[in-house]
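K.L.:
Take a look at start.txt, compact mmCIF, C-alpha atoms:
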```txt
# COMPACT_ATOMS: atom_id res chain seq x y z
CA VAL B 278 104.41 162.51 132.23
CA LEU B 279 106.91 163.19 135.02
CA ASP B 280 108.77 166.32 136.05
CA ALA B 281 112.41 165.48 135.23
CA GLN B 282 113.73 167.45 138.21
CA THR B 283 111.34 166.34 140.93
CA GLY B 284 110.00 163.05 139.58
CA THR B 285 106.44 164.12 140.35
CA LEU B 286 103.55 163.17 138.07
CA VAL B 287 102.58 166.13 135.89
CA ALA B 288 100.00 164.60 133.57
CA THR B 289 98.67 161.30 132.25
CA ILE B 290 98.05 160.81 128.55
CA PRO B 291 95.35 158.20 127.89
CA LEU B 292 95.77 155.59 125.14
CA ASP B 293 92.84 154.23 123.16
CA THR B 294 93.39 150.55 123.95
CA ALA B 295 90.69 149.52 121.48
CA ARG B 296 92.88 150.85 118.66
CA PHE B 297 96.41 150.61 120.03
CA SER B 298 98.21 147.75 121.74
CA VAL B 299 101.29 149.44 123.17
CA VAL B 300 103.34 152.64 123.22
CA ASN B 301 106.80 151.74 121.89
CA SER B 302 108.57 155.09 122.03
CA VAL B 303 108.26 158.72 123.13
CA ALA B 304 110.21 161.78 121.94
CA VAL B 305 110.02 165.41 123.12
CA LYS B 306 111.30 168.57 121.41
CA ASN B 307 110.32 172.20 120.90
CA GLY B 308 107.07 171.94 122.84
CA LYS B 309 105.93 168.73 121.12
CA VAL B 310 105.51 165.22 122.49
CA ALA B 311 105.50 162.44 119.89
CA ILE B 312 104.26 158.97 120.83
CA ALA B 313 104.73 155.89 118.62
CA ALA B 314 101.78 153.55 119.15
CA ALA B 315 101.37 150.11 117.59
CA ALA B 316 97.95 149.07 116.32
CA SER B 317 95.94 146.49 118.25
CA ASN B 318 97.01 144.11 115.48
CA VAL B 319 100.73 144.89 115.31
CA GLN B 320 100.92 143.72 111.69
CA GLN B 321 98.70 146.65 110.72
CA ASN B 322 99.81 150.27 110.37
CA GLY B 323 100.42 152.10 113.63
CA SER B 324 100.37 155.81 114.40
CA VAL B 325 102.41 158.65 115.79
CA LEU B 326 100.39 160.86 118.15
CA VAL B 327 101.73 164.41 118.54
CA TYR B 328 100.72 166.51 121.57
CA ASP B 329 101.53 170.07 122.60
CA THR B 330 103.36 170.06 125.92
CA ALA B 331 101.20 173.01 127.02
CA ASN B 332 98.04 170.98 126.45
CA LEU B 333 98.75 167.32 127.11
CA GLY B 334 95.08 166.67 127.74
CA GLY B 335 94.11 167.96 124.31
CA THR B 336 93.39 166.00 121.15
CA PRO B 337 96.64 164.93 119.49
CA THR B 338 97.53 165.15 115.83
CA GLU B 339 97.51 161.55 114.58
CA ILE B 340 99.82 160.54 111.74
CA VAL B 341 99.47 157.02 110.33
CA VAL B 342 102.82 155.33 109.70
CA GLY B 343 103.97 151.76 109.01
CA ALA B 344 103.41 148.51 110.89
CA ASN B 345 104.60 148.42 114.51
CA PRO B 346 106.33 151.82 114.86
CA ASP B 347 109.12 150.81 117.22
CA MET B 348 110.92 154.12 117.72
CA VAL B 349 110.27 157.81 117.09
CA THR B 350 112.84 160.59 117.23
CA PHE B 351 113.14 164.24 116.23
CA ALA B 352 115.82 165.53 113.88
CA GLN B 353 118.16 167.94 115.66
CA ASN B 354 116.39 171.07 114.41
CA GLY B 355 112.97 169.67 115.32
CA THR B 356 111.49 170.06 111.84
CA LYS B 357 111.25 166.31 111.16
CA LEU B 358 110.11 163.23 113.02
CA LEU B 359 111.58 159.89 112.02
CA VAL B 360 109.88 156.61 112.79
CA ALA B 361 111.30 153.08 112.60
CA ASN B 362 108.46 150.82 111.47
CA GLU B 363 109.55 147.32 112.41
CA GLY B 364 107.03 145.43 110.28
CA GLU B 365 107.32 142.38 112.51
CA PRO B 366 105.54 139.21 111.24
CA ASN B 367 103.09 137.12 113.20
CA SER B 368 104.45 133.92 114.73
CA ALA B 369 103.26 131.79 111.79
CA TYR B 370 104.68 134.17 109.16
CA THR B 371 101.27 134.26 107.47
CA ASP B 372 101.23 138.05 107.83
CA ASP B 373 104.61 139.72 107.31
CA PRO B 374 104.35 143.47 106.63
CA VAL B 375 107.28 145.37 105.16
CA GLY B 376 109.65 147.34 107.33
CA SER B 377 110.12 151.04 106.61
CA VAL B 378 111.22 154.41 107.93
CA SER B 379 108.61 157.19 108.02
CA VAL B 380 109.75 160.81 107.81
CA ILE B 381 107.17 163.32 109.08
CA ASP B 382 107.18 167.06 108.43
CA VAL B 383 106.34 168.43 111.89
CA ALA B 384 104.86 171.69 110.55
CA THR B 385 102.43 170.04 108.10
CA SER B 386 102.11 166.51 109.58
CA THR B 387 102.71 165.05 106.12
CA VAL B 388 104.53 161.72 105.99
CA GLN B 389 106.80 160.01 103.49
CA ASP B 390 108.06 156.43 103.77
CA ALA B 391 111.50 155.16 102.88
CA GLY B 392 111.12 151.45 102.17
CA PHE B 393 113.33 148.57 101.11
CA SER B 394 111.56 147.28 97.99
CA GLY B 395 114.45 148.56 95.88
CA PHE B 396 116.62 145.88 97.50
CA ASP B 397 114.28 142.93 96.87
CA ALA B 398 116.18 141.87 93.76
CA GLN B 399 119.46 141.94 95.72
CA LYS B 400 118.48 139.28 98.28
CA ALA B 401 121.18 136.76 97.34
CA ALA B 402 123.89 139.43 97.29
CA LEU B 403 122.84 140.84 100.65
CA ILE B 404 122.91 137.39 102.24
CA ALA B 405 126.32 136.70 100.72
CA ASN B 406 127.57 139.98 102.22
CA GLY B 407 126.40 138.98 105.69
CA VAL B 408 122.92 140.49 106.03
CA ARG B 409 120.72 138.03 107.93
CA ILE B 410 117.56 137.43 105.85
CA PHE B 411 115.79 134.38 107.17
CA GLY B 412 111.98 134.72 107.22
CA PRO B 413 110.17 131.82 105.50
CA GLY B 414 109.32 133.03 102.01
CA ALA B 415 110.02 136.64 102.95
CA SER B 416 111.30 139.25 100.53
CA VAL B 417 114.07 141.61 101.59
CA SER B 418 111.57 144.39 102.25
CA GLN B 419 109.49 142.09 104.44
CA ASP B 420 112.41 140.65 106.37
CA LEU B 421 114.24 143.88 107.22
CA GLU B 422 113.01 145.19 110.57
CA PRO B 423 114.02 148.77 111.52
CA GLU B 424 114.38 149.18 115.27
CA TYR B 425 116.33 152.30 116.21
CA ILE B 426 117.30 155.58 114.51
CA ALA B 427 120.14 158.05 114.95
CA VAL B 428 120.10 161.24 112.88
CA SER B 429 123.34 162.87 111.71
CA PRO B 430 124.12 166.28 113.29
CA ASP B 431 123.55 168.05 109.98
CA GLY B 432 120.17 166.39 109.54
CA THR B 433 120.93 164.88 106.14
CA LYS B 434 121.15 161.17 107.03
CA ALA B 435 119.50 158.68 109.31
CA TYR B 436 121.26 155.55 110.52
CA VAL B 437 118.76 152.79 111.24
CA THR B 438 119.54 149.55 113.05
CA LEU B 439 118.10 146.40 111.50
CA GLN B 440 118.56 144.36 114.63
CA GLU B 441 117.10 141.04 113.51
CA ASN B 442 119.14 141.27 110.31
CA ASN B 443 122.50 142.11 111.92
CA ALA B 444 122.75 145.16 109.68
CA LEU B 445 122.43 148.93 109.46
CA ALA B 446 120.44 150.95 106.92
CA ILE B 447 121.52 154.42 105.79
CA VAL B 448 118.69 156.75 104.77
CA ASP B 449 119.18 159.99 102.85
CA ILE B 450 116.72 162.54 104.30
CA SER B 451 118.28 165.63 102.72
CA GLY B 452 116.03 165.84 99.67
CA ALA B 453 112.34 165.97 98.89
CA THR B 454 111.97 162.17 99.13
CA PRO B 455 113.68 160.07 101.84
CA THR B 456 115.57 157.14 100.33
CA VAL B 457 117.39 154.12 101.71
CA THR B 458 120.78 154.32 100.03
CA GLU B 459 122.68 151.45 101.61
CA ILE B 460 122.35 148.35 103.78
CA VAL B 461 125.54 147.64 105.72
CA PRO B 462 126.12 144.23 107.35
CA LEU B 463 127.60 144.39 110.86
CA GLY B 464 129.58 141.17 110.58
CA TYR B 465 130.33 138.60 113.26
CA LYS B 466 132.44 138.51 116.40
CA ASP B 467 134.93 135.64 116.55
CA HIS B 468 134.63 134.33 120.10
CA SER B 469 137.86 132.33 119.80
CA GLN B 470 139.91 135.52 119.83
CA PRO B 471 141.44 136.96 123.05
CA GLY B 472 139.11 139.38 124.73
CA GLN B 473 136.12 138.13 122.74
CA GLY B 474 135.12 135.23 124.99
CA LEU B 475 131.63 134.62 126.28
CA ASP B 476 129.70 132.87 129.00
CA PRO B 477 126.85 131.02 127.26
CA SER B 478 125.41 129.52 130.43
CA ASP B 479 122.24 130.84 132.07
CA ARG B 480 123.47 129.64 135.47
CA ASP B 481 124.88 131.90 138.18
CA ALA B 482 128.54 130.86 138.02
CA ILE B 483 130.53 132.90 135.48
CA GLY B 484 132.69 130.91 133.08
CA ILE B 485 134.20 132.82 130.17
CA GLU B 486 135.24 130.60 127.27
CA ASN B 487 136.91 131.12 123.90
CA PRO B 488 135.37 128.32 121.83
CA THR B 489 136.54 127.76 118.27
CA ASN B 490 134.16 128.06 115.34
CA VAL B 491 131.62 130.09 117.32
CA PHE B 492 130.67 133.53 116.03
CA GLY B 493 128.30 136.10 117.53
CA MET B 494 126.01 138.49 115.71
CA TYR B 495 126.12 142.12 116.81
CA GLN B 496 122.38 142.69 116.19
CA ASP B 497 122.89 146.30 117.20
CA SER B 498 120.24 148.09 119.26
CA PRO B 499 120.07 150.49 122.19
CA PRO B 500 120.54 148.91 125.62
CA MET B 501 117.31 147.56 127.06
CA PRO B 502 116.35 145.57 130.15
CA MET B 503 115.75 141.89 129.55
CA THR B 504 112.19 142.35 130.77
CA THR B 505 111.37 144.62 127.81
CA THR B 506 109.12 143.00 125.22
CA ASN B 507 109.03 143.72 121.50
CA SER B 508 105.93 141.68 120.82
CA ALA B 509 103.09 139.89 122.56
CA ALA B 510 104.81 136.60 121.73
CA SER B 511 107.86 137.42 123.88
CA PRO B 512 106.71 137.75 127.52
CA SER B 513 110.14 138.02 129.14
CA ARG B 514 112.71 139.47 126.77
CA PRO B 515 113.05 140.64 123.15
CA ARG B 516 112.74 138.10 120.36
CA SER B 517 116.22 138.93 119.09
CA ALA B 518 117.71 138.27 122.53
CA ARG B 519 115.99 134.90 122.74
CA THR B 520 117.11 134.01 119.21
CA ALA B 521 120.72 135.05 119.89
CA ALA B 522 120.77 133.09 123.15
CA ALA B 523 119.44 129.97 121.43
CA ILE B 524 122.00 130.26 118.63
CA THR B 525 124.83 130.77 121.12
CA ARG B 526 123.82 127.76 123.21
CA ASN B 527 123.57 125.49 120.18
CA CYS B 528 126.83 126.75 118.66
CA MET B 529 128.51 125.95 121.95
CA ARG B 530 127.00 122.45 121.86
CA SER B 531 128.42 122.00 118.36
CA ALA B 532 131.82 123.31 119.41
CA ARG B 533 131.91 120.74 122.19
CA GLY B 534 131.01 117.92 119.80
CA ARG B 535 127.40 117.65 120.95
CA SER B 536 124.33 117.80 118.76
CA PRO B 537 122.51 121.14 118.63
CA SER B 538 118.97 121.12 120.00
CA SER B 539 117.44 122.58 116.83
CA THR B 540 118.15 122.52 113.11
CA ARG B 541 117.51 126.25 112.76
CA THR B 542 120.17 127.28 115.26
CA ALA B 543 122.59 124.70 113.89
CA ILE B 544 122.23 126.30 110.47
CA SER B 545 122.76 129.74 112.00
CA CYS B 546 125.96 128.55 113.67
CA SER B 547 127.26 126.98 110.47
CA THR B 548 126.41 130.07 108.45
CA ALA B 549 128.22 132.34 110.91
CA ALA B 550 131.27 130.13 110.80
CA THR B 551 131.52 130.32 107.02
```
Here is the file; what I need is its structure written in the form of structure tokens.
P.N.:
Amino acid sequence: VLDAQTGTLVATIPLDTARFSVVNSVAVKNGKVAIAAAASNVQQNGSVLVYDTANLGGTPTEIVVGANPDMVTFAQNGTKLLVANEGEPNSAYTDDPVGSVSVIDVATSTVQDAGFSGFDAQKAALIANGVRIFGPGASVSQDLEPEYIAVSPDGTKAYVTLQENNALAIVDISGATPTVTEIVPLGYKDHSQPGQGLDPSDRDAIGIENPTNVFGMYQDSPPMPMTTTNSAASPSRPRSARTAAAITRNCMRSARGRSPSSTRTAISCSTAAT
């Protein structure tokens, strides 16, 4: 913990590395520090650890949430904590937990989860509308991966980015039970249009192009350095960034009349174009 004015170290909060693999997010409000910690096995439920700022060395209140809590934030009035549980699968997709949003009552430390199981029967319609659902054998609730949360100023709604799915979830948090009310696709950017060009090369020289039949996914998320990792399987940059880069490169190959280097990214390019 650093002093925001001087940059000096004020305190160090230890993490039980036998139980937790990484701290994904920290939020501070009204004398409370909330830490979102993923379990040592990120497919298992993680926790939010809440400390008093006056006693950072004390024992925190631990609240168990969903798998891989990726972000924690306070509502504006500080009465609620909201947690984006990414529910990221393992690399083989043999363990794919559901994504969810946990809403915690700060005063009582009770937690309620808003999940996506109510949308499982709408998989075909969501895909047709532009939501990217692609996990092998995954249901909608397994494939949707909440990443980032913004709470409305009046504290009645949460807007949750589903980065891997190129979509946004709207959660009603005004009542007794938080509920996902809508999943909104973000659409695609047409890189053939003026002002929408891109440089798909990883080389130093900049070359902006406007290729035809190449579309980009927004995959909305907060800005992050390319060295940030979202999982142990991505040592240099987030999985979504690597996926988007691969799709872009292969779409560009297709646009130039060359064969894409993988079937998966070729399908993604074709799907975007239609």
K.L.:
With distances taken over all atoms listed in the file, which of B:Ala427, B:Ile485, B:Val383, B:Val360 is nearest to Pro471 (chain B)?
P.N.:
B:Ile485
K.L.:
Using only C-alpha atoms, which of the listed residues (B:Gln470, B:Ser302, B:Thr385, B:Asn367) sits closest to Ile426 (chain B)?
P.N.:
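Checking each candidate against Ile426 (chain B), we get B:Ser302 as the closest.
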K.L.:
Please list as a count of residues only every residue within 10 Å of Asn322 (chain B), counting all atoms listed in the file and excluding residues in the same chain fewer than 6 positions away.
P.N.:
12
K.L.:
Counting all atoms listed in the file, which of B:Asn442, B:Asn307, B:Ser386, B:Thr433 gets nearest to Met494 (chain B)?
P.N.:
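Result for the nearest residue to Met494 (chain B): B:Asn442.
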K.L.:
Which neighbours of Asp390 (chain B) fall inside 9 Å, counting only C-alpha atoms, when residues of the same chain fewer than 6 positions from it are skipped, and could you give them as an MDAnalysis selection string?
P.N.:
chainID B and resid 342:343 377:381 454:456
K.L.:
Next, write the just-selected residues to a file, as a CSV table (one decimal), in the coordinates of the input, keeping C-alpha atoms as the atom set.
P.N.:
```csv
chain,number,residue,atom,x,y,z
B,342,VAL,CA,102.8,155.3,109.7
B,343,GLY,CA,104.0,151.8,109.0
B,377,SER,CA,110.1,151.0,106.6
B,378,VAL,CA,111.2,154.4,107.9
B,379,SER,CA,108.6,157.2,108.0
B,380,VAL,CA,109.8,160.8,107.8
B,381,ILE,CA,107.2,163.3,109.1
B,454,THR,CA,112.0,162.2,99.1
B,455,PRO,CA,113.7,160.1,101.8
B,456,THR,CA,115.6,157.1,100.3
```
K.L.:
Between B:Val305, B:Phe393, B:Ala453, B:Ala435, which has the minimum distance to Asp329 (chain B) (counting all atoms listed in the file)?
P.N.:
B:Val305
K.L.:
Mind giving me the straight-line distance from CA of Ala391 (chain B) to CA of Thr336 (chain B) in Å, one decimal?
P.N.:
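CA of Ala391 (chain B) sits 27.9 Å away from CA of Thr336 (chain B).
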K.L.:
Got a sec: who's within 7 Å of Ala304 (chain B), counting all atoms listed in the file, leaving out chain neighbours fewer than 6 positions off, as number ranges by chain?
P.N.:
B: 310-312, 349-351
K.L.:
Please, could you write that set of residues out with C-alpha atoms as a PDB file, keeping the file's coordinate frame?
P.N.:
```pdb
ATOM      1  CA  VAL B 310     105.510 165.220 122.490  1.00  0.00           C
ATOM      2  CA  ALA B 311     105.500 162.440 119.890  1.00  0.00           C
ATOM      3  CA  ILE B 312     104.260 158.970 120.830  1.00  0.00           C
ATOM      4  CA  VAL B 349     110.270 157.810 117.090  1.00  0.00           C
ATOM      5  CA  THR B 350     112.840 160.590 117.230  1.00  0.00           C
ATOM      6  CA  PHE B 351     113.140 164.240 116.230  1.00  0.00           C
TER       7      PHE B 351
END
```
K.L.:
Between B:Gly474, B:Ala446, B:Gln496, B:Gly407, which is the closest to Pro462 (chain B) once you count all atoms listed in the file?
P.N.:
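Nearest candidate to Pro462 (chain B) out of B:Gly474, B:Ala446, B:Gln496, B:Gly407: B:Gly407.
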K.L.:
Closest to Val417 (chain B) among B:Ile460, B:Ile290, B:Pro430, B:Thr438, using all atoms listed in the file?
P.N.:
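That would be B:Ile460, the residue with the smallest distance to Val417 (chain B).
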K.L.:
Just how far from CA of Glu459 (chain B) is CA of Gly493 (chain B), in Å to one decimal?
P.N.:
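Between CA of Gly493 (chain B) and CA of Glu459 (chain B) the gap works out to 22.8 Å.
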K.L.:
Is it possible to get the residues within 7 Å of (137.4, 125.6, 120.0) (coordinates as in the file, counting only C-alpha atoms) written as a count of residues only?
P.N.:
6
K.L.:
Contacts of Met348 (chain B) at 7 Å or less, counting all atoms listed in the file, minus same-chain residues fewer than 3 places along, as a list in words?
P.N.:
Asn301, Ser302, Ala313, Val360, Ala361, Glu424 and Tyr425 of chain B
K.L.:
Expressed in Å to a single decimal, how great is the separation between CA of Ser418 (chain B) and CA of Ser394 (chain B)?
P.N.:
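Value for the CA of Ser418 (chain B)-CA of Ser394 (chain B) distance: 5.1 Å.
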